[in-house]
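Peer 1: Dropping the structure in here first, questions after.
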Amino acid sequence: MLKMNYWTDKWDLHVDVCPCDVHFNDWVKARKLKNKLIYHFGTGTHHVIGIKQATNKSGNAVFAITASKEEYDSYVELSTNKAKVTKSYLAYFGDIYLSNPKLLPEFDVVTMFHLCEFFFPNTASKAYGGLDDAKLLDLFTAKTKPGGYILFYTRSIAYPRAFPIIEKWAKKGHVKRVGEFKTLLVYRKTK
Ligand SMILES: C[S@@+](CC[C@H](N)C(=O)[O-])C[C@H]1O[C@@H](n2cnc3c(N)ncnc32)[C@H](O)[C@@H]1O
């Protein structure tokens with residue numbers, strides 16, 4: 001069996017370089033979203049989305065993936081020191097391209113900020129058993145409740161590759177473009 005395409009790096013919070021997670025918290029606040037279930041692609045070591053949503057009295061809950069061992073270690077550290085955060089914030093270690101719909105509930109909000117950033121040549125091969133980016137987006141769209149939101153990060157390094165996939169996906173008629181919020185592009189699932 002092949003080894004997982006885990007991320008050999010880690011990401012601390014650098015709002016000047018990559019503000020998507022902070023902008024996401026701003027968007028949730030601006031829309032006054034309460035009691036929502038959020039899926040987040042890419043925790044960072046900072047866990048700024050999970051922590052904020054767990055502590056801002058919104059009632060929102062966050063389920064988030066990291067493919068970095070250091071980032072996952074930082075979640076273990078966070079959970080150990082701030083137990084109550086784990087009631088509303090669950091991070092897990094995995095390769096998002098190996099997502100299995102059986103293991104995922106339906107979400108009110110999904111972030112696809114790093115679409116196309118971490119696709120490896122073997123990801124969608126039979127031996128690895130993963131998805132390509134278009135199929136990944138389809139899977140998480142299927143796991144978004146009608147009326148729920150799917151967000152992209154327009155300053156992602158891979159956005160030029162993600163954009164044609166997003167455009168093609170939008171033409172299928174399951175989503176409606178809401179508009180841009182700071183660096184984020186927001187869609188809403190219609191049916
Ligand atoms: C550049 S960091 C950004 C972290 C955070 N969203 C931020 O903007 O500060 C990319 C994130 O994607 C995650 N990641 C990389 N490859 C992944 C994969 N194959 N599956 C799931 N997450 C992955 C990393 O663990 C990391 O959290």
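To be explicit about the labels: the chains of the structure tokens are called A, B, and onward in the order shown, and within each one the residues are counted from 1, while ligands get numbers from 1 in the order they are shown.
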Compute the set of protein, DNA and RNA residues whose minimum atom distance to ligand 1 is at most 9 Å, using only C-alpha atoms and all ligand atoms, and state it as a ChimeraX atom specification.
Peer 2: /A:4-15,17-22,40-49,64-72,93-99,113-114,117-120,156
Peer 1: Wanna dump the segment 94-186 of chain A-segment 28-32 of chain A contacts at 12 Å for me, each residue with its shortest atom pair and the distance in Å to one decimal, counting only C-alpha atoms, ordered by chain and number, as a Markdown table?
Peer 2:
| residue | atom | partner | partner_atom | distance |
| --- | --- | --- | --- | --- |
| A:Asp108 | CA | A:Val28 | CA | 11.6 |
| A:Val109 | CA | A:Val28 | CA | 9.7 |
| A:Val110 | CA | A:Val28 | CA | 11.9 |
| A:Thr111 | CA | A:Val28 | CA | 11.8 |
| A:Tyr149 | CA | A:Val28 | CA | 10.8 |
| A:Leu151 | CA | A:Val28 | CA | 11.4 |
| A:Phe181 | CA | A:Ala30 | CA | 9.7 |
| A:Lys182 | CA | A:Ala30 | CA | 11.5 |
| A:Leu184 | CA | A:Val28 | CA | 11.8 |
| A:Val186 | CA | A:Val28 | CA | 11.6 |
Peer 1: List as a PyMOL selection string the protein and nucleic acid residues near Lys176 of chain A, meaning an atom at most 12 Å away when only C-alpha atoms are counted, but skip any in the same chain fewer than 4 places from it.
Peer 2: chain A and resi 146-151+166-167+169-172+185-191
Peer 1: Between atom CA of Ser88 of chain A and atom CA of Ala61 of chain A, what is the spacing in Å?
Peer 2: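 According to the coordinates, atom CA of Ala61 of chain A and atom CA of Ser88 of chain A are separated by 4.5 Å.
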Peer 1: Return the single residue from A:Phe107, A:Cys116, A:Asn35, A:Lys52 that is closest to Ile157 of chain A, with distances computed using only C-alpha atoms.
Peer 2: A:Cys116
Peer 1: Taking only C-alpha atoms into account, name the residue in A:Lys87, A:Lys3, A:Arg177, A:Lys82 that is nearest to Phe63 of chain A.
Peer 2: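 That would be A:Lys87, the residue with the smallest distance to Phe63 of chain A.
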